[in-house]
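Student: Sharing coords-v9.tsv below, TSV, N, CA and C atoms:
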chain	number	residue	atom	x	y	z
A	1	MET	N	0.82	-1.19	0.00
A	1	MET	CA	0.00	0.00	0.00
A	1	MET	C	0.87	1.25	0.00
A	2	LYS	N	1.97	1.16	0.72
A	2	LYS	CA	2.86	2.31	0.78
A	2	LYS	C	3.35	2.67	-0.61
A	3	LYS	N	3.81	1.68	-1.35
A	3	LYS	CA	4.27	1.91	-2.73
A	3	LYS	C	3.13	2.35	-3.62
A	4	ALA	N	1.95	1.76	-3.40
A	4	ALA	CA	0.79	2.09	-4.23
A	4	ALA	C	0.40	3.56	-4.09
A	5	LEU	N	0.76	4.17	-2.97
A	5	LEU	CA	0.47	5.60	-2.78
A	5	LEU	C	1.65	6.49	-3.18
A	6	THR	N	2.85	6.09	-2.82
A	6	THR	CA	3.99	6.98	-3.03
A	6	THR	C	4.40	7.10	-4.49
A	7	VAL	N	4.38	6.01	-5.24
A	7	VAL	CA	4.81	6.06	-6.64
A	7	VAL	C	3.91	6.97	-7.48
A	8	PRO	N	2.58	6.80	-7.45
A	8	PRO	CA	1.75	7.69	-8.25
A	8	PRO	C	1.87	9.17	-7.84
A	9	VAL	N	2.04	9.42	-6.55
A	9	VAL	CA	2.19	10.80	-6.08
A	9	VAL	C	3.45	11.41	-6.67
A	10	LYS	N	4.55	10.67	-6.68
A	10	LYS	CA	5.79	11.17	-7.27
A	10	LYS	C	5.62	11.41	-8.77
A	11	GLU	N	4.91	10.52	-9.44
A	11	GLU	CA	4.69	10.69	-10.87
A	11	GLU	C	3.84	11.91	-11.15
A	12	ILE	N	2.80	12.11	-10.36
A	12	ILE	CA	1.94	13.28	-10.55
A	12	ILE	C	2.73	14.55	-10.28
A	13	LYS	N	3.57	14.55	-9.25
A	13	LYS	CA	4.37	15.74	-8.93
A	13	LYS	C	5.30	16.11	-10.07
A	14	SER	N	5.83	15.12	-10.77
A	14	SER	CA	6.73	15.43	-11.88
A	14	SER	C	5.96	15.99	-13.07
A	15	PHE	N	4.68	15.68	-13.16
A	15	PHE	CA	3.84	16.16	-14.26
A	15	PHE	C	3.13	17.46	-13.90
A	16	ASP	N	2.58	17.51	-12.70
A	16	ASP	CA	1.82	18.67	-12.24
A	16	ASP	C	2.23	18.99	-10.82
A	17	ARG	N	3.17	19.90	-10.66
A	17	ARG	CA	3.74	20.21	-9.35
A	17	ARG	C	2.69	20.62	-8.32
A	18	ALA	N	1.81	21.54	-8.69
A	18	ALA	CA	0.80	22.04	-7.75
A	18	ALA	C	-0.17	20.93	-7.35
A	19	GLY	N	-0.71	20.23	-8.34
A	19	GLY	CA	-1.64	19.13	-8.06
A	19	GLY	C	-0.97	18.02	-7.28
A	20	GLY	N	0.29	17.74	-7.62
A	20	GLY	CA	1.04	16.70	-6.91
A	20	GLY	C	1.24	17.04	-5.45
A	21	LYS	N	1.50	18.30	-5.15
A	21	LYS	CA	1.68	18.72	-3.75
A	21	LYS	C	0.38	18.56	-2.97
A	22	VAL	N	-0.74	18.88	-3.59
A	22	VAL	CA	-2.04	18.74	-2.93
A	22	VAL	C	-2.32	17.26	-2.64
A	23	ILE	N	-2.08	16.42	-3.63
A	23	ILE	CA	-2.31	14.98	-3.45
A	23	ILE	C	-1.35	14.41	-2.41
A	24	GLU	N	-0.11	14.87	-2.44
A	24	GLU	CA	0.86	14.42	-1.45
A	24	GLU	C	0.41	14.79	-0.03
A	25	GLU	N	-0.10	15.98	0.12
A	25	GLU	CA	-0.58	16.43	1.43
A	25	GLU	C	-1.78	15.59	1.89
A	26	ILE	N	-2.65	15.26	0.97
A	26	ILE	CA	-3.82	14.43	1.29
A	26	ILE	C	-3.39	13.04	1.75
A	27	CYS	N	-2.38	12.48	1.09
A	27	CYS	CA	-1.93	11.11	1.37
A	27	CYS	C	-0.97	11.02	2.56
A	28	LYS	N	-0.45	12.16	3.01
A	28	LYS	CA	0.57	12.15	4.06
A	28	LYS	C	0.12	11.42	5.32
A	29	GLY	N	-1.10	11.67	5.79
A	29	GLY	CA	-1.61	11.02	6.99
A	29	GLY	C	-1.75	9.52	6.81
A	30	THR	N	-2.26	9.12	5.64
A	30	THR	CA	-2.42	7.70	5.36
A	30	THR	C	-1.07	7.00	5.35
A	31	LEU	N	-0.09	7.62	4.71
A	31	LEU	CA	1.25	7.03	4.65
A	31	LEU	C	1.87	6.93	6.05
A	32	ARG	N	1.63	7.92	6.87
A	32	ARG	CA	2.14	7.89	8.25
A	32	ARG	C	1.52	6.72	9.02
A	33	HIS	N	0.22	6.51	8.85
A	33	HIS	CA	-0.46	5.40	9.54
A	33	HIS	C	0.00	4.04	9.01
A	34	ILE	N	0.21	3.95	7.70
A	34	ILE	CA	0.71	2.70	7.12
A	34	ILE	C	2.08	2.38	7.69
A	35	ALA	N	2.96	3.38	7.76
A	35	ALA	CA	4.30	3.18	8.31
A	35	ALA	C	4.22	2.72	9.77
A	36	LYS	N	3.32	3.32	10.53
A	36	LYS	CA	3.15	2.94	11.94
A	36	LYS	C	2.66	1.49	12.06
A	37	ASP	N	1.69	1.12	11.22
A	37	ASP	CA	1.17	-0.24	11.24
A	37	ASP	C	2.25	-1.25	10.83
A	38	LEU	N	3.04	-0.91	9.83
A	38	LEU	CA	4.12	-1.80	9.40
A	38	LEU	C	5.13	-2.02	10.51
A	39	GLU	N	5.48	-0.96	11.22
A	39	GLU	CA	6.40	-1.09	12.35
A	39	GLU	C	5.84	-2.02	13.41
A	40	ALA	N	4.55	-1.89	13.69
A	40	ALA	CA	3.91	-2.73	14.72
A	40	ALA	C	3.91	-4.19	14.29
A	41	VAL	N	3.60	-4.46	13.03
A	41	VAL	CA	3.59	-5.84	12.53
A	41	VAL	C	5.00	-6.42	12.54
A	42	GLU	N	5.98	-5.65	12.08
A	42	GLU	CA	7.36	-6.12	12.08
A	42	GLU	C	7.84	-6.44	13.50
A	43	LYS	N	7.49	-5.59	14.45
A	43	LYS	CA	7.87	-5.82	15.85
A	43	LYS	C	7.22	-7.10	16.36
A	44	LEU	N	5.94	-7.30	16.06
A	44	LEU	CA	5.24	-8.50	16.49
A	44	LEU	C	5.90	-9.76	15.90
A	45	ILE	N	6.24	-9.71	14.62
A	45	ILE	CA	6.90	-10.86	13.98
A	45	ILE	C	8.24	-11.15	14.63
A	46	LEU	N	9.05	-10.11	14.83
A	46	LEU	CA	10.37	-10.30	15.45
A	46	LEU	C	10.26	-10.77	16.89
A	47	ASP	N	9.26	-10.26	17.63
A	47	ASP	CA	9.04	-10.73	19.00
A	47	ASP	C	8.64	-12.20	19.01
A	48	THR	N	7.82	-12.61	18.05
A	48	THR	CA	7.41	-14.01	17.93
A	48	THR	C	8.62	-14.88	17.65
A	49	ILE	N	9.49	-14.42	16.76
A	49	ILE	CA	10.71	-15.19	16.44
A	49	ILE	C	11.59	-15.31	17.67
A	50	LYS	N	11.78	-14.22	18.40
A	50	LYS	CA	12.64	-14.22	19.58
A	50	LYS	C	12.11	-15.13	20.69
A	51	SER	N	10.78	-15.25	20.77
A	51	SER	CA	10.19	-16.03	21.86
A	51	SER	C	10.13	-17.53	21.57
A	52	ASP	N	10.38	-17.93	20.34
A	52	ASP	CA	10.33	-19.35	19.97
A	52	ASP	C	11.74	-19.80	19.60
A	53	SER	N	12.28	-20.76	20.34
A	53	SER	CA	13.68	-21.17	20.14
A	53	SER	C	13.93	-21.72	18.74
A	54	ASN	N	12.98	-22.49	18.19
A	54	ASN	CA	13.16	-23.04	16.85
A	54	ASN	C	13.14	-21.93	15.80
A	55	LEU	N	12.17	-21.03	15.89
A	55	LEU	CA	12.10	-19.92	14.94
A	55	LEU	C	13.35	-19.05	15.04
A	56	LYS	N	13.81	-18.83	16.25
A	56	LYS	CA	15.00	-18.01	16.48
A	56	LYS	C	16.22	-18.65	15.80
A	57	ARG	N	16.35	-19.96	15.95
A	57	ARG	CA	17.47	-20.68	15.33
A	57	ARG	C	17.38	-20.62	13.80
A	58	LEU	N	16.19	-20.87	13.27
A	58	LEU	CA	16.01	-20.82	11.82
A	58	LEU	C	16.29	-19.42	11.28
A	59	PHE	N	15.84	-18.40	12.00
A	59	PHE	CA	16.07	-17.02	11.60
A	59	PHE	C	17.56	-16.70	11.61
A	60	GLN	N	18.26	-17.11	12.65
A	60	GLN	CA	19.71	-16.85	12.75
A	60	GLN	C	20.47	-17.55	11.63
A	61	VAL	N	20.11	-18.80	11.36
A	61	VAL	CA	20.78	-19.54	10.29
A	61	VAL	C	20.48	-18.88	8.94
A	62	SER	N	19.23	-18.51	8.71
A	62	SER	CA	18.84	-17.91	7.43
A	62	SER	C	19.54	-16.58	7.20
A	63	THR	N	19.58	-15.73	8.21
A	63	THR	CA	20.19	-14.42	8.05
A	63	THR	C	21.72	-14.48	8.05
A	64	SER	N	22.29	-15.63	8.40
A	64	SER	CA	23.75	-15.76	8.35
A	64	SER	C	24.23	-15.94	6.91
A	65	VAL	N	23.31	-16.25	6.00
A	65	VAL	CA	23.66	-16.39	4.59
A	65	VAL	C	23.82	-15.00	3.99
A	66	SER	N	24.91	-14.81	3.29
A	66	SER	CA	25.19	-13.51	2.67
A	66	SER	C	24.06	-13.12	1.72
A	67	GLY	N	23.55	-11.91	1.89
A	67	GLY	CA	22.49	-11.41	1.02
A	67	GLY	C	21.08	-11.69	1.51
A	68	ILE	N	20.94	-12.45	2.59
A	68	ILE	CA	19.62	-12.76	3.14
A	68	ILE	C	19.39	-11.86	4.35
A	69	GLY	N	18.40	-10.98	4.21
A	69	GLY	CA	18.06	-10.07	5.30
A	69	GLY	C	16.84	-10.53	6.06
A	70	THR	N	16.36	-9.66	6.90
A	70	THR	CA	15.23	-9.98	7.78
A	70	THR	C	13.99	-10.38	6.98
A	71	VAL	N	13.61	-9.57	6.00
A	71	VAL	CA	12.38	-9.82	5.25
A	71	VAL	C	12.46	-11.13	4.48
A	72	THR	N	13.57	-11.37	3.81
A	72	THR	CA	13.73	-12.61	3.04
A	72	THR	C	13.73	-13.82	3.96
A	73	ALA	N	14.44	-13.72	5.06
A	73	ALA	CA	14.50	-14.85	6.01
A	73	ALA	C	13.11	-15.20	6.52
A	74	ILE	N	12.35	-14.18	6.90
A	74	ILE	CA	10.99	-14.42	7.41
A	74	ILE	C	10.12	-15.04	6.32
A	75	GLU	N	10.21	-14.53	5.11
A	75	GLU	CA	9.41	-15.07	4.00
A	75	GLU	C	9.77	-16.53	3.73
A	76	VAL	N	11.04	-16.85	3.76
A	76	VAL	CA	11.48	-18.23	3.52
A	76	VAL	C	10.98	-19.15	4.63
A	77	ILE	N	11.10	-18.72	5.86
A	77	ILE	CA	10.64	-19.54	6.99
A	77	ILE	C	9.14	-19.79	6.88
A	78	ILE	N	8.38	-18.75	6.54
A	78	ILE	CA	6.92	-18.90	6.41
A	78	ILE	C	6.56	-19.78	5.23
A	79	SER	N	7.14	-19.49	4.05
A	79	SER	CA	6.74	-20.20	2.84
A	79	SER	C	7.15	-21.66	2.83
A	80	THR	N	8.15	-22.02	3.62
A	80	THR	CA	8.56	-23.43	3.69
A	80	THR	C	8.01	-24.13	4.92
A	81	ASN	N	7.13	-23.43	5.66
A	81	ASN	CA	6.57	-23.98	6.90
A	81	ASN	C	7.70	-24.40	7.83
A	82	GLU	N	8.59	-23.45	8.10
A	82	GLU	CA	9.76	-23.68	8.96
A	82	GLU	C	10.67	-24.78	8.41
A	83	PHE	N	10.80	-24.82	7.09
A	83	PHE	CA	11.61	-25.80	6.37
A	83	PHE	C	11.09	-27.23	6.55
A	84	LYS	N	9.84	-27.38	6.96
A	84	LYS	CA	9.25	-28.72	7.10
A	84	LYS	C	8.76	-29.22	5.75
A	85	ASN	N	8.30	-28.32	4.87
A	85	ASN	CA	7.77	-28.73	3.57
A	85	ASN	C	8.88	-28.97	2.55
A	86	ILE	N	9.99	-28.27	2.67
A	86	ILE	CA	11.12	-28.45	1.77
A	86	ILE	C	12.36	-28.68	2.63
A	87	ARG	N	12.87	-29.91	2.57
A	87	ARG	CA	14.03	-30.24	3.39
A	87	ARG	C	15.27	-30.47	2.54
A	88	ASP	N	15.12	-30.55	1.24
A	88	ASP	CA	16.24	-30.82	0.35
A	88	ASP	C	16.73	-29.50	-0.27
A	89	ALA	N	18.03	-29.26	-0.21
A	89	ALA	CA	18.60	-28.00	-0.72
A	89	ALA	C	18.33	-27.81	-2.21
A	90	LYS	N	18.42	-28.88	-2.99
A	90	LYS	CA	18.16	-28.77	-4.43
A	90	LYS	C	16.71	-28.39	-4.70
A	91	LYS	N	15.79	-29.00	-3.97
A	91	LYS	CA	14.37	-28.67	-4.15
A	91	LYS	C	14.10	-27.22	-3.75
A	92	PHE	N	14.76	-26.77	-2.69
A	92	PHE	CA	14.57	-25.39	-2.27
A	92	PHE	C	15.12	-24.43	-3.31
A	93	ALA	N	16.27	-24.75	-3.88
A	93	ALA	CA	16.86	-23.90	-4.92
A	93	ALA	C	15.93	-23.81	-6.13
A	94	CYS	N	15.31	-24.93	-6.50
A	94	CYS	CA	14.33	-24.92	-7.59
A	94	CYS	C	13.12	-24.06	-7.21
A	95	TYR	N	12.63	-24.25	-5.99
A	95	TYR	CA	11.48	-23.48	-5.51
A	95	TYR	C	11.78	-21.98	-5.53
A	96	ALA	N	13.00	-21.61	-5.16
A	96	ALA	CA	13.40	-20.21	-5.11
A	96	ALA	C	13.68	-19.64	-6.50
A	97	GLY	N	13.79	-20.51	-7.51
A	97	GLY	CA	14.01	-20.05	-8.87
A	97	GLY	C	15.44	-19.67	-9.18
A	98	ILE	N	16.39	-20.27	-8.48
A	98	ILE	CA	17.79	-19.90	-8.71
A	98	ILE	C	18.59	-21.01	-9.40
A	99	VAL	N	17.91	-22.05	-9.86
A	99	VAL	CA	18.60	-23.14	-10.53
A	99	VAL	C	18.48	-22.93	-12.04
A	100	PRO	N	19.63	-22.86	-12.73
A	100	PRO	CA	19.56	-22.69	-14.19
A	100	PRO	C	19.20	-24.00	-14.87
A	101	PHE	N	18.21	-23.96	-15.73
A	101	PHE	CA	17.80	-25.14	-16.48
A	101	PHE	C	18.05	-24.88	-17.97
A	102	GLU	N	18.32	-25.95	-18.72
A	102	GLU	CA	18.44	-25.81	-20.16
A	102	GLU	C	17.06	-25.51	-20.73
A	103	HIS	N	17.06	-24.71	-21.79
A	103	HIS	CA	15.79	-24.35	-22.44
A	103	HIS	C	15.59	-25.22	-23.66
A	104	TYR	N	14.39	-25.75	-23.81
A	104	TYR	CA	14.05	-26.55	-24.97
A	104	TYR	C	12.85	-25.93	-25.65
A	105	SER	N	12.89	-25.91	-26.97
A	105	SER	CA	11.76	-25.41	-27.73
A	105	SER	C	11.50	-26.37	-28.87
A	106	GLY	N	10.49	-27.19	-28.72
A	106	GLY	CA	10.19	-28.19	-29.75
A	106	GLY	C	11.34	-29.17	-29.89
A	107	THR	N	11.94	-29.20	-31.09
A	107	THR	CA	13.06	-30.11	-31.32
A	107	THR	C	14.41	-29.43	-31.12
A	108	SER	N	14.39	-28.12	-30.91
A	108	SER	CA	15.64	-27.38	-30.75
A	108	SER	C	16.17	-27.54	-29.32
A	109	THR	N	17.42	-27.91	-29.23
A	109	THR	CA	18.07	-28.00	-27.91
A	109	THR	C	19.33	-27.15	-27.89
A	110	SER	N	19.33	-26.10	-28.69
A	110	SER	CA	20.54	-25.30	-28.84
A	110	SER	C	20.73	-24.26	-27.75
A	111	TRP	N	19.76	-24.07	-26.88
A	111	TRP	CA	19.87	-23.08	-25.82
A	111	TRP	C	20.79	-23.60	-24.73
A	112	LYS	N	21.63	-22.78	-24.23
A	112	LYS	CA	22.54	-23.16	-23.16
A	112	LYS	C	21.99	-22.68	-21.82
A	113	THR	N	22.43	-23.34	-20.77
A	113	THR	CA	22.06	-22.87	-19.43
A	113	THR	C	22.86	-21.63	-19.12
A	114	ALA	N	22.30	-20.79	-18.32
A	114	ALA	CA	23.00	-19.57	-17.92
A	114	ALA	C	24.15	-19.96	-17.01
A	115	SER	N	25.32	-19.43	-17.29
A	115	SER	CA	26.44	-19.76	-16.43
A	115	SER	C	26.53	-18.72	-15.32
A	116	LEU	N	26.84	-19.20	-14.15
A	116	LEU	CA	26.95	-18.32	-13.00
A	116	LEU	C	28.35	-17.72	-12.95
A	117	PRO	N	28.47	-16.47	-12.52
A	117	PRO	CA	29.79	-15.86	-12.44
A	117	PRO	C	30.67	-16.59	-11.43
A	118	GLN	N	31.91	-16.71	-11.75
A	118	GLN	CA	32.87	-17.37	-10.87
A	118	GLN	C	33.42	-16.37	-9.88
A	119	SER	N	33.52	-16.76	-8.63
A	119	SER	CA	34.06	-15.83	-7.63
A	119	SER	C	35.41	-16.27	-7.14
Turn this file's structure into structure tokens for me.

Tutor:
Amino acid sequence: MKKALTVPVKEIKSFDRAGGKVIEEICKGTLRHIAKDLEAVEKLILDTIKSDSNLKRLFQVSTSVSGIGTVTAIEVIISTNEFKNIRDAKKFACYAGIVPFEHYSGTSTSWKTASLPQS
């Protein structure tokens, strides 16, 4: 909702400065309340994680992976039912959409898999 309000307001401001300022002023209170609600929900989620030893462990392990932050870790824990629904790393990689597959189109097999950069 926050994005649904802020993006159009910015676009309107770039097109019509005066009208955009009026709309921005109208939406300011709503955006403030959305931000407050988001903070409350995030706090509740983090408090829930801290109070449950298993969730806390899963969260710590998830966020220890480079590039995985709070939001992604929480989403992964929820979407995998605390990793109970997906226990195999290969299946999880497929589920997450990070496994390169060869592309086939009819009888053509000339497409190559995307190669990952070497580090």

Student: Find the distance between CA of Lys2 (chain A) and CA of Glu82 (chain A) and write it in Å to one decimal.

Tutor: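 Separating CA of Lys2 (chain A) from CA of Glu82 (chain A) is a distance of 28.1 Å.
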
Student: Report, in Å with one decimal, the straight-line distance from atom C of Val61 (chain A) to atom C of Ile49 (chain A).

Tutor: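 Interatomic distance here is 13.0 Å.
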
Student: Please report the interatomic distance between atom C of Lys90 (chain A) and CA of Leu55 (chain A) in Å with one decimal.

Tutor: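 Answer for the atom C of Lys90 (chain A) to CA of Leu55 (chain A) separation: 21.9 Å.
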
Student: Which polymer residues have any atom within 12 Å of an atom of region 30-40 of chain A, counting only C-alpha atoms, with same-chain residues fewer than 6 positions away left out, as a list in words?

Tutor: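 My reading of the contact set: Met1, Lys2, Lys3, Ala4, Leu5, Thr6, Val7, Val9, Ile23, Glu24, Leu46 and Asp47 of chain A.
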
Student: Can you report as lines of an AutoDock Vina configuration file the centre and edge lengths in Å, to one decimal, of an axis-aligned box around the listed atoms of region 55-66 of chain A padded with 5 Å on each side?

Tutor:
center_x = 18.6
center_y = -17.1
center_z = 9.1
size_x = 23.1
size_y = 17.9
size_z = 24.8

Student: Please, which residues of chain A, numbered as in this document, come out alpha helix (DSSP H) from DSSP, as number ranges by chain?

Tutor: A: 2-15, 17-51, 53-63, 70-79, 89-96
